[in-house]
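Report on the following structure.
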Amino acid sequence: MKRLIPIAATLFSLIVVFPIFYTISASFFPYADFTAIPARLLPSAPTLDNYARAFSESNLLLFLTNSLYSALVGTILRMAISIIGAYAFTFMEFRGKNILFILIVATMLLPPDALILENYSTIRALRLTDTYLGIISITLLAPTHLLMLRQYFKTVSREYREAAIIEGCSDTRFLATLLLPISKAVVITLAIHSFSTIFNDYLWPLLVTNRESMRTVQVGLTMLGFSENLDYGPQFAAITVLMTPILITFIALHNPIQDSVSTHFTGR
Amino acid sequence: MKQHYHSRIKPYLLISPALLLAVLFSYRPFILTLINSLHTISLSGKHLSFIGLENYRRLFTNPSFQASLSNTLRFTLFFVPTNIIICLSAALLTNRSGKLATLNQIFFFLPMAVGLSSSMMILKMMFNPSIGIINRLFGLNVQWFNNRHAAMALLVIAGVGLDIGLDFLLFSAALRNVPTDLLEVAQIEGANGRQTFRYLQGPLISSTLLFVVVTNIKDAMLISSPVMILTEGGPFRSTQTLVYQMYLDGFRSGNYAMGSTIATVVFLLTFSVLLLLMRLERRRVYYQ
């Protein structure tokens with residue numbers, strides 16, 4: 001019985017990872033391999049044609065650029081908004097502090113997907129459809145980040161800041177030279193999380209972009225025009241291009257990822 | 001004096017972006033959605049007249065909505081237990097040290113690295129009835145997109161694929177936090193695997209389990225993007241969910257009032273799940 005556990009775990013994990021394996025393998029399939037009987041799991045003669053076609057016959061590169069750009073700008077803005085907000089809520093005293101904090105954090109209770117109708121009309125009224133700002137707009141507020149950063153900043157004694165301020169150190173300098181360096185780990189974790197959230201978003205970018213030139217890769221990927229014609233090679237190649245960097249990052253960072261999930265979600 | 005004034009206004013300046021965004025993209029649309037659901041609305045978005053709960057009456061007698069509601073609940077009912085059993089057994093099976101176990105763990109959380117639309121496109125191609133790998137590999141002839149049961153099963157598979165990475169990591173983390181000395185005692189006392197789980201690991205991971213169950217329920221009731229990419233609600237509306245119908249009504253057919261009414265129903269559903277979580281959290285027992 002004990003000896004069966006590793007075997008069961010291995011079989012089970014191979015099933016789970018199979019779609020990823022098959023996607024990578026199929027991206028090298030010549031056209032005929034997709035209809036071969038018996039079904040092929042590995043390419044008969046590996047080819048790079050699918051990659052060439054994925055880039056030359058679609059706007060994949062443009063979509064990718066749009067996504068990277070909006071995720072990067074979105075992450076920077078989102079982190080800046082969370083950091084300065086958390087800073088004020090941790091180190092400063094002001095009227096209405098608690099109620100304002102609850103007001104911001106309580107937005108977590110409102111599921112964004114159920115707000116898209118109204119948010120879309122707001123973006124349209126602000127004339128922000130088909131703009132990067134429109135794509136990132138609703139992701140700029142991250143109440144969970146604000147909450148976690150405040151939690152973390154609290155571990156820094158308030159006397160530190162008061163001493164620093166009395167010594168003539170500005171809030172900006174205190175934040176940049178002391179607070180952020182010691183919060184590096186949590187800031188980086190949250191930034192990675194932000195980046196992947198914005199990068200992977202599907203429904204909102206679908207709504208606010210109409211022009212093909214503004215389309216993000218998550219939306220564009222479903223409209224490349226290959227899979228509709230049962231032309232699977234280039235489609236699998238496009239997906240492989242998109243997921244490989246993230247797969248490598250995940251495999252390389254599997255230890256820190258497991259640790260950070262352990263501390264962030266179970267709080268121990 | 002100027003310094004004093006400055007330090008009083010400063011905190012408000014620092015929180016103003018977050019506050020502005022909260023009002024602009026959460027509270028304002030939330031309130032407008034509630035108000036819209038009580039009105040008839042023209043195609044250009046103008047309120048025509050106040051009609052009280054008439055939209056709700058219309059909605060609940062609308063066969064399309066009845067289908068969406070029942071599909072969403074059915075999906076939740078199938079998805080949550082399937083996902084919990086799969087993710088928890090994966091975590092239990094790999095709760096060891098060693099190179100093989102680490103490799104298995106990586107495989108289990110790797111799906112997290114694949115974005116939503118990528119994984120939906122992968123499934124769509126793998127499950128294509130004629131040239132997809134699944135039917136050909138197993139010699140099946142399942143019409144995954146034309147049979148209502150198969151389509152629902154496919155949606156459940158899609159849901160598990162999207163959630164397994166994170167949920168597996170959460171369960172693994174919780175299991176690793178079970179003190180090893182307790183496990184050793186259990187082993188010395190001759191407890192088998194099932195007893196160890198039932199009396200030791202189970203109770204100790206109960207708070208993680210509760211968290212995962214509730215977030216699963218919430219996510220399941222809000223499912224829309226997988227439906228949009230994979231099945232488009234078909235066949236015969238059998239996978240049309242609430243948020244997907246909201247999108248169809250609000251954006252495709254321009255029925256803004258109906259879309260807002262469905263959104264309000266979705267709010268109510270998610271609020272009740274979250275309230276349930278808070279009640280259970282308060283009763284939660286800490287064993288450590």
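Naming works like this for the structure tokens: A, B, ... for the chains as they're shown, residue 1 at the start of each chain, ligands 1 onward in shown order.
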
Enumerate, in order of chain and increasing residue number, the residues of chain B with an atom no farther than 6 Å from chain A, each with its shortest atom pair and distance in Å to one decimal, counting only C-alpha atoms, as JSON lines.
```
{"residue": "B:Pro11", "atom": "CA", "partner": "A:Ala88", "partner_atom": "CA", "distance": 5.2}
{"residue": "B:Leu14", "atom": "CA", "partner": "A:Gly85", "partner_atom": "CA", "distance": 5.5}
{"residue": "B:Ile15", "atom": "CA", "partner": "A:Gly85", "partner_atom": "CA", "distance": 4.5}
{"residue": "B:Ala18", "atom": "CA", "partner": "A:Leu141", "partner_atom": "CA", "distance": 6.0}
{"residue": "B:Ala22", "atom": "CA", "partner": "A:Ile104", "partner_atom": "CA", "distance": 5.9}
{"residue": "B:Pro29", "atom": "CA", "partner": "A:Glu118", "partner_atom": "CA", "distance": 5.1}
{"residue": "B:Leu93", "atom": "CA", "partner": "A:Ala9", "partner_atom": "CA", "distance": 5.5}
{"residue": "B:Asn104", "atom": "CA", "partner": "A:Ser13", "partner_atom": "CA", "distance": 5.6}
{"residue": "B:Phe107", "atom": "CA", "partner": "A:Val17", "partner_atom": "CA", "distance": 5.6}
{"residue": "B:Phe108", "atom": "CA", "partner": "A:Ser13", "partner_atom": "CA", "distance": 5.7}
{"residue": "B:Ala113", "atom": "CA", "partner": "A:Leu247", "partner_atom": "CA", "distance": 5.6}
{"residue": "B:Val114", "atom": "CA", "partner": "A:Met243", "partner_atom": "CA", "distance": 5.8}
{"residue": "B:Gly115", "atom": "CA", "partner": "A:Asn200", "partner_atom": "CA", "distance": 5.4}
{"residue": "B:Ser117", "atom": "CA", "partner": "A:Gln218", "partner_atom": "CA", "distance": 5.6}
{"residue": "B:Ser118", "atom": "CA", "partner": "A:Ile239", "partner_atom": "CA", "distance": 5.9}
{"residue": "B:Ile131", "atom": "CA", "partner": "A:Thr35", "partner_atom": "CA", "distance": 5.9}
{"residue": "B:Arg136", "atom": "CA", "partner": "A:Ala39", "partner_atom": "CA", "distance": 5.8}
{"residue": "B:Leu137", "atom": "CA", "partner": "A:Ala39", "partner_atom": "CA", "distance": 5.5}
{"residue": "B:Ala173", "atom": "CA", "partner": "A:Ser262", "partner_atom": "CA", "distance": 5.0}
{"residue": "B:Ala263", "atom": "CA", "partner": "A:Ala114", "partner_atom": "CA", "distance": 5.2}
```

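Here CA of Leu275 in chain B is placed at a distance of 21.0 Å from CA of Thr33 in chain B.
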
Would you kindly return, as a list in words, each protein, DNA or RNA residue with an atom no farther than 7 Å from any atom of Phe28 in chain A, considering only C-alpha atoms and excluding same-chain residues fewer than 4 positions away? Pro43, Pro46, Thr47, Leu48 and Asn50 of chain A

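Going from CA of Leu210 in chain B over to CA of Ala158 in chain B, you cover 22.0 Å.
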
Within 6 Å of range 61-74 of chain A using only C-alpha atoms, minus same-chain residues under 5 positions, as a PDB file with N, CA and C atoms, in the first residue's frame:
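The resulting file, out-v5.pdb, is shown below:
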```
ATOM      1  N   TYR A 132      -4.744  52.098 -23.488  1.00  0.00           N
ATOM      2  CA  TYR A 132      -4.105  51.294 -22.437  1.00  0.00           C
ATOM      3  C   TYR A 132      -4.700  51.613 -21.070  1.00  0.00           C
ATOM      4  N   ILE A 136      -6.282  48.965 -18.253  1.00  0.00           N
ATOM      5  CA  ILE A 136      -5.831  48.731 -16.876  1.00  0.00           C
ATOM      6  C   ILE A 136      -6.726  49.375 -15.827  1.00  0.00           C
ATOM      7  N   PHE A 195       1.239  41.681 -11.944  1.00  0.00           N
ATOM      8  CA  PHE A 195       1.595  41.549 -13.352  1.00  0.00           C
ATOM      9  C   PHE A 195       0.828  40.397 -13.992  1.00  0.00           C
ATOM     10  N   ILE A 198      -3.009  41.168 -14.354  1.00  0.00           N
ATOM     11  CA  ILE A 198      -3.360  42.077 -15.442  1.00  0.00           C
ATOM     12  C   ILE A 198      -3.068  41.412 -16.791  1.00  0.00           C
ATOM     13  N   PHE A 199      -1.932  40.729 -16.858  1.00  0.00           N
ATOM     14  CA  PHE A 199      -1.537  40.073 -18.103  1.00  0.00           C
ATOM     15  C   PHE A 199      -2.548  39.002 -18.518  1.00  0.00           C
ATOM     16  N   ARG A 215      -5.800  45.138 -29.142  1.00  0.00           N
ATOM     17  CA  ARG A 215      -6.161  43.876 -28.511  1.00  0.00           C
ATOM     18  C   ARG A 215      -5.016  43.308 -27.664  1.00  0.00           C
ATOM     19  N   THR A 216      -5.363  42.758 -26.503  1.00  0.00           N
ATOM     20  CA  THR A 216      -4.323  42.107 -25.692  1.00  0.00           C
ATOM     21  C   THR A 216      -4.188  40.652 -26.137  1.00  0.00           C
ATOM     22  N   VAL A 217      -3.104  40.020 -25.704  1.00  0.00           N
ATOM     23  CA  VAL A 217      -2.798  38.693 -26.218  1.00  0.00           C
ATOM     24  C   VAL A 217      -3.807  37.643 -25.733  1.00  0.00           C
TER      25      VAL A 217
END
```

Enumerate the residues of range 40-256 of chain B with a DSSP assignment of alpha helix (DSSP H), computed from the backbone, and present them as a ChimeraX atom specification. /B:54-60,63-93,99-109,116-126,133-138,148-176,180-188,193-196,202-204,206-221,225-230,242-247,256

A:Tyr31, A:Ile76, A:Val156, A:Thr144 ranked by distance to Leu175 in chain A, top pick (using only C-alpha atoms): A:Val156

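For Leu183 in chain B, the set of protein, DNA and RNA residues having any atom at most 8 Å away, when counting only C-alpha atoms and skipping those fewer than 4 positions along the same chain, is Val178, Pro179, Gln187, Thr196 and Leu200 of chain B.
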
Selected residues written out, all heavy atoms, as a JSON list (two decimals), in the first residue's frame:
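The resulting result.json:
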```json
[["chain", "number", "residue", "atom", "x", "y", "z"],
["B", 178, "VAL", "N", 1.10, 20.58, 9.48],
["B", 178, "VAL", "CA", 0.73, 19.63, 10.53],
["B", 178, "VAL", "C", 2.03, 19.17, 11.21],
["B", 178, "VAL", "O", 2.92, 18.69, 10.52],
["B", 178, "VAL", "CB", -0.03, 18.42, 9.94],
["B", 178, "VAL", "CG1", -0.30, 17.38, 11.02],
["B", 178, "VAL", "CG2", -1.33, 18.87, 9.29],
["B", 179, "PRO", "N", 2.15, 19.38, 12.53],
["B", 179, "PRO", "CA", 3.41, 19.06, 13.20],
["B", 179, "PRO", "C", 3.83, 17.60, 12.99],
["B", 179, "PRO", "O", 3.02, 16.69, 13.13],
["B", 179, "PRO", "CB", 3.11, 19.30, 14.68],
["B", 179, "PRO", "CG", 1.90, 20.16, 14.69],
["B", 179, "PRO", "CD", 1.13, 19.86, 13.45],
["B", 187, "GLN", "N", 1.74, 7.34, 13.94],
["B", 187, "GLN", "CA", 2.31, 6.17, 13.28],
["B", 187, "GLN", "C", 2.70, 5.10, 14.29],
["B", 187, "GLN", "O", 2.42, 3.92, 14.09],
["B", 187, "GLN", "CB", 3.53, 6.60, 12.48],
["B", 187, "GLN", "CG", 3.78, 5.74, 11.27],
["B", 187, "GLN", "CD", 4.75, 6.40, 10.32],
["B", 187, "GLN", "OE1", 5.63, 7.15, 10.74],
["B", 187, "GLN", "NE2", 4.61, 6.11, 9.04],
["B", 196, "THR", "N", -5.30, 8.64, 10.25],
["B", 196, "THR", "CA", -4.46, 9.82, 10.43],
["B", 196, "THR", "C", -5.13, 11.04, 9.82],
["B", 196, "THR", "O", -5.15, 12.12, 10.41],
["B", 196, "THR", "CB", -3.09, 9.62, 9.75],
["B", 196, "THR", "OG1", -2.59, 8.34, 10.12],
["B", 196, "THR", "CG2", -2.11, 10.69, 10.14],
["B", 200, "LEU", "N", -6.42, 13.60, 12.54],
["B", 200, "LEU", "CA", -5.29, 14.51, 12.77],
["B", 200, "LEU", "C", -5.20, 15.58, 11.67],
["B", 200, "LEU", "O", -5.41, 16.76, 11.91],
["B", 200, "LEU", "CB", -4.00, 13.68, 12.82],
["B", 200, "LEU", "CG", -2.76, 14.43, 13.26],
["B", 200, "LEU", "CD1", -2.96, 14.96, 14.68],
["B", 200, "LEU", "CD2", -1.57, 13.50, 13.21]]
```

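For the pair CA of Leu60 in chain A and CA of Met214 in chain A, the separation is 11.7 Å.
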
Taking 4 positions as the minimum chain separation for residues in the same chain, which residues sit within 10 Å of Phe65 in chain B when counting only C-alpha atoms? Answer as a CSV table (one decimal) with N, CA, C and O atoms, in the first residue's frame.
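After the write, part.csv holds the following:
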```csv
chain,number,residue,atom,x,y,z
B,58,ARG,N,-40.0,39.6,-14.3
B,58,ARG,CA,-39.8,39.2,-15.7
B,58,ARG,C,-38.6,38.2,-15.8
B,58,ARG,O,-38.6,37.2,-16.5
B,59,LEU,N,-37.6,38.5,-15.0
B,59,LEU,CA,-36.4,37.7,-15.1
B,59,LEU,C,-36.7,36.3,-14.6
B,59,LEU,O,-36.3,35.3,-15.3
B,60,PHE,N,-37.3,36.2,-13.5
B,60,PHE,CA,-37.5,34.8,-12.9
B,60,PHE,C,-38.5,34.0,-13.7
B,60,PHE,O,-38.6,32.8,-13.5
B,61,THR,N,-39.3,34.7,-14.6
B,61,THR,CA,-40.2,33.9,-15.4
B,61,THR,C,-39.6,33.7,-16.8
B,61,THR,O,-40.3,33.0,-17.7
B,69,LEU,N,-29.6,30.2,-14.3
B,69,LEU,CA,-29.6,30.0,-12.9
B,69,LEU,C,-29.4,28.5,-12.6
B,69,LEU,O,-28.5,28.1,-11.8
B,70,SER,N,-30.1,27.6,-13.2
B,70,SER,CA,-30.0,26.2,-12.9
B,70,SER,C,-28.6,25.7,-13.4
B,70,SER,O,-28.0,24.9,-12.7
B,71,ASN,N,-28.2,26.1,-14.6
B,71,ASN,CA,-26.8,25.7,-15.0
B,71,ASN,C,-25.7,26.1,-14.1
B,71,ASN,O,-24.8,25.4,-13.8
B,237,ARG,N,-28.2,26.2,-24.7
B,237,ARG,CA,-28.1,27.0,-23.5
B,237,ARG,C,-27.7,26.1,-22.3
B,237,ARG,O,-27.8,26.5,-21.2
B,240,GLN,N,-25.0,27.8,-20.4
B,240,GLN,CA,-25.2,29.3,-20.3
B,240,GLN,C,-25.3,29.6,-18.8
B,240,GLN,O,-26.2,29.2,-18.1
B,241,THR,N,-24.3,30.4,-18.3
B,241,THR,CA,-24.3,30.7,-16.9
B,241,THR,C,-24.8,32.2,-16.6
B,241,THR,O,-25.0,32.9,-17.6
B,242,LEU,N,-25.0,32.5,-15.4
B,242,LEU,CA,-25.5,33.8,-15.0
B,242,LEU,C,-24.7,35.0,-15.6
B,242,LEU,O,-25.3,35.9,-16.3
B,245,GLN,N,-24.9,35.2,-19.3
B,245,GLN,CA,-26.2,35.8,-19.8
B,245,GLN,C,-26.2,37.3,-19.6
B,245,GLN,O,-26.7,38.0,-20.4
B,246,MET,N,-25.6,37.7,-18.4
B,246,MET,CA,-25.5,39.1,-18.2
B,246,MET,C,-24.8,39.8,-19.3
B,246,MET,O,-25.2,40.9,-19.8
B,258,MET,N,-32.2,44.3,-18.1
B,258,MET,CA,-32.1,42.9,-17.7
B,258,MET,C,-30.7,42.5,-17.2
B,258,MET,O,-30.5,41.8,-16.2
B,262,ILE,N,-29.7,40.9,-13.6
B,262,ILE,CA,-29.0,39.7,-13.4
B,262,ILE,C,-27.7,40.0,-12.5
B,262,ILE,O,-27.4,39.2,-11.6
```

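Using only C-alpha atoms, the residues found no farther than 12 Å from Thr215 in chain B, other than those of its own chain fewer than 6 positions away, are Leu109 and Pro111 of chain A; Thr76, Val80, Asn83, Ile84, Asp163, Leu166, Asp167, Thr208, Leu209, Met221, Leu222, Thr270, Val273, Leu274, Leu276 and Leu277 of chain B.
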
Go ahead and save the residues from that selection, with all heavy atoms, as a compact mmCIF listing (two decimals), in the first residue's frame.
```
# COMPACT_ATOMS: atom_id res chain seq x y z
N LEU A 109 -15.56 42.78 -1.71
CA LEU A 109 -16.82 42.03 -1.67
C LEU A 109 -17.62 42.18 -2.96
O LEU A 109 -18.58 41.45 -3.19
CB LEU A 109 -17.68 42.51 -0.49
CG LEU A 109 -17.06 42.34 0.89
CD1 LEU A 109 -17.95 42.94 1.96
CD2 LEU A 109 -16.81 40.86 1.19
N PRO A 111 -17.80 41.61 -6.70
CA PRO A 111 -17.10 40.91 -7.77
C PRO A 111 -17.02 41.75 -9.05
O PRO A 111 -18.06 42.18 -9.55
CB PRO A 111 -17.95 39.65 -8.00
CG PRO A 111 -19.27 39.94 -7.38
CD PRO A 111 -19.04 40.95 -6.31
N THR B 76 -21.82 24.61 -10.11
CA THR B 76 -21.24 24.74 -8.77
C THR B 76 -21.28 23.41 -8.03
O THR B 76 -20.31 22.99 -7.41
CB THR B 76 -22.02 25.81 -7.97
OG1 THR B 76 -22.11 26.99 -8.76
CG2 THR B 76 -21.34 26.13 -6.66
N VAL B 80 -17.43 22.02 -7.39
CA VAL B 80 -16.77 22.19 -6.09
C VAL B 80 -16.31 20.86 -5.49
O VAL B 80 -15.12 20.72 -5.16
CB VAL B 80 -17.65 23.02 -5.12
CG1 VAL B 80 -16.97 23.17 -3.76
CG2 VAL B 80 -17.91 24.39 -5.72
N ASN B 83 -13.42 19.34 -7.63
CA ASN B 83 -12.18 20.08 -7.49
C ASN B 83 -11.53 19.82 -6.13
O ASN B 83 -10.32 19.59 -6.05
CB ASN B 83 -12.47 21.57 -7.67
CG ASN B 83 -11.22 22.40 -7.72
OD1 ASN B 83 -10.31 22.09 -8.48
ND2 ASN B 83 -11.13 23.42 -6.89
N ILE B 84 -12.34 19.82 -5.07
CA ILE B 84 -11.79 19.61 -3.72
C ILE B 84 -11.18 18.21 -3.63
O ILE B 84 -10.05 18.05 -3.14
CB ILE B 84 -12.90 19.76 -2.65
CG1 ILE B 84 -13.46 21.18 -2.66
CG2 ILE B 84 -12.36 19.39 -1.26
CD1 ILE B 84 -12.55 22.23 -2.13
N ASP B 163 -8.20 25.90 -11.44
CA ASP B 163 -8.05 26.07 -10.00
C ASP B 163 -7.02 25.16 -9.36
O ASP B 163 -6.56 25.42 -8.26
CB ASP B 163 -9.40 25.86 -9.29
CG ASP B 163 -10.25 27.11 -9.37
OD1 ASP B 163 -9.92 27.97 -10.19
OD2 ASP B 163 -11.24 27.22 -8.61
N LEU B 166 -3.42 26.60 -7.70
CA LEU B 166 -3.47 27.32 -6.43
C LEU B 166 -4.04 26.45 -5.30
O LEU B 166 -3.49 26.41 -4.20
CB LEU B 166 -4.30 28.59 -6.59
CG LEU B 166 -4.35 29.46 -5.34
CD1 LEU B 166 -2.96 29.95 -4.97
CD2 LEU B 166 -5.28 30.63 -5.53
N ASP B 167 -5.14 25.75 -5.58
CA ASP B 167 -5.77 24.97 -4.51
C ASP B 167 -4.85 23.86 -4.03
O ASP B 167 -4.79 23.56 -2.83
CB ASP B 167 -7.11 24.40 -4.99
CG ASP B 167 -8.13 25.50 -5.22
OD1 ASP B 167 -7.84 26.65 -4.83
OD2 ASP B 167 -9.19 25.23 -5.80
N THR B 208 -8.21 25.89 6.08
CA THR B 208 -7.84 26.00 4.66
C THR B 208 -8.95 25.41 3.79
O THR B 208 -9.33 25.98 2.77
CB THR B 208 -6.52 25.25 4.38
OG1 THR B 208 -5.52 25.76 5.24
CG2 THR B 208 -6.08 25.42 2.95
N LEU B 209 -9.46 24.25 4.23
CA LEU B 209 -10.52 23.59 3.48
C LEU B 209 -11.72 24.52 3.33
O LEU B 209 -12.26 24.69 2.23
CB LEU B 209 -10.92 22.29 4.19
CG LEU B 209 -11.92 21.40 3.48
CD1 LEU B 209 -11.35 20.90 2.17
CD2 LEU B 209 -12.31 20.22 4.36
N MET B 221 -19.93 30.40 -9.08
CA MET B 221 -21.15 31.14 -9.38
C MET B 221 -20.90 32.32 -10.31
O MET B 221 -21.82 32.85 -10.92
CB MET B 221 -21.80 31.59 -8.09
CG MET B 221 -22.32 30.36 -7.33
SD MET B 221 -23.52 30.72 -6.07
CE MET B 221 -22.71 31.99 -5.22
N LEU B 222 -19.62 32.74 -10.41
CA LEU B 222 -19.30 33.87 -11.28
C LEU B 222 -18.72 33.43 -12.62
O LEU B 222 -18.32 34.26 -13.42
CB LEU B 222 -18.27 34.77 -10.58
CG LEU B 222 -18.76 35.58 -9.40
CD1 LEU B 222 -17.59 36.15 -8.62
CD2 LEU B 222 -19.67 36.70 -9.86
N THR B 270 -23.36 36.13 -4.30
CA THR B 270 -22.00 36.15 -3.73
C THR B 270 -22.01 36.68 -2.29
O THR B 270 -21.29 36.17 -1.45
CB THR B 270 -21.02 37.00 -4.57
OG1 THR B 270 -21.67 38.19 -4.95
CG2 THR B 270 -20.57 36.26 -5.80
N VAL B 273 -22.87 33.86 0.01
CA VAL B 273 -21.76 32.94 0.23
C VAL B 273 -20.74 33.53 1.19
O VAL B 273 -20.25 32.86 2.10
CB VAL B 273 -21.08 32.59 -1.11
CG1 VAL B 273 -19.85 31.74 -0.89
CG2 VAL B 273 -22.04 31.86 -2.01
N LEU B 274 -20.44 34.84 1.01
CA LEU B 274 -19.45 35.46 1.88
C LEU B 274 -19.94 35.56 3.32
O LEU B 274 -19.18 35.38 4.27
CB LEU B 274 -19.07 36.84 1.34
CG LEU B 274 -18.27 36.77 0.04
CD1 LEU B 274 -18.13 38.14 -0.60
CD2 LEU B 274 -16.88 36.17 0.28
N LEU B 276 -21.96 33.46 4.71
CA LEU B 276 -21.82 32.10 5.21
C LEU B 276 -20.39 31.87 5.69
O LEU B 276 -20.16 31.32 6.77
CB LEU B 276 -22.18 31.12 4.09
CG LEU B 276 -22.11 29.64 4.44
CD1 LEU B 276 -23.33 29.26 5.26
CD2 LEU B 276 -22.05 28.79 3.17
N LEU B 277 -19.43 32.33 4.87
CA LEU B 277 -18.02 32.17 5.26
C LEU B 277 -17.75 32.83 6.60
O LEU B 277 -17.14 32.25 7.49
CB LEU B 277 -17.10 32.77 4.20
CG LEU B 277 -15.62 32.85 4.59
CD1 LEU B 277 -15.02 31.46 4.65
CD2 LEU B 277 -14.82 33.71 3.66
```

Residues of range 41-218 of chain B in strand (DSSP E) according to DSSP, as a ChimeraX atom specification? /B:41,47-50
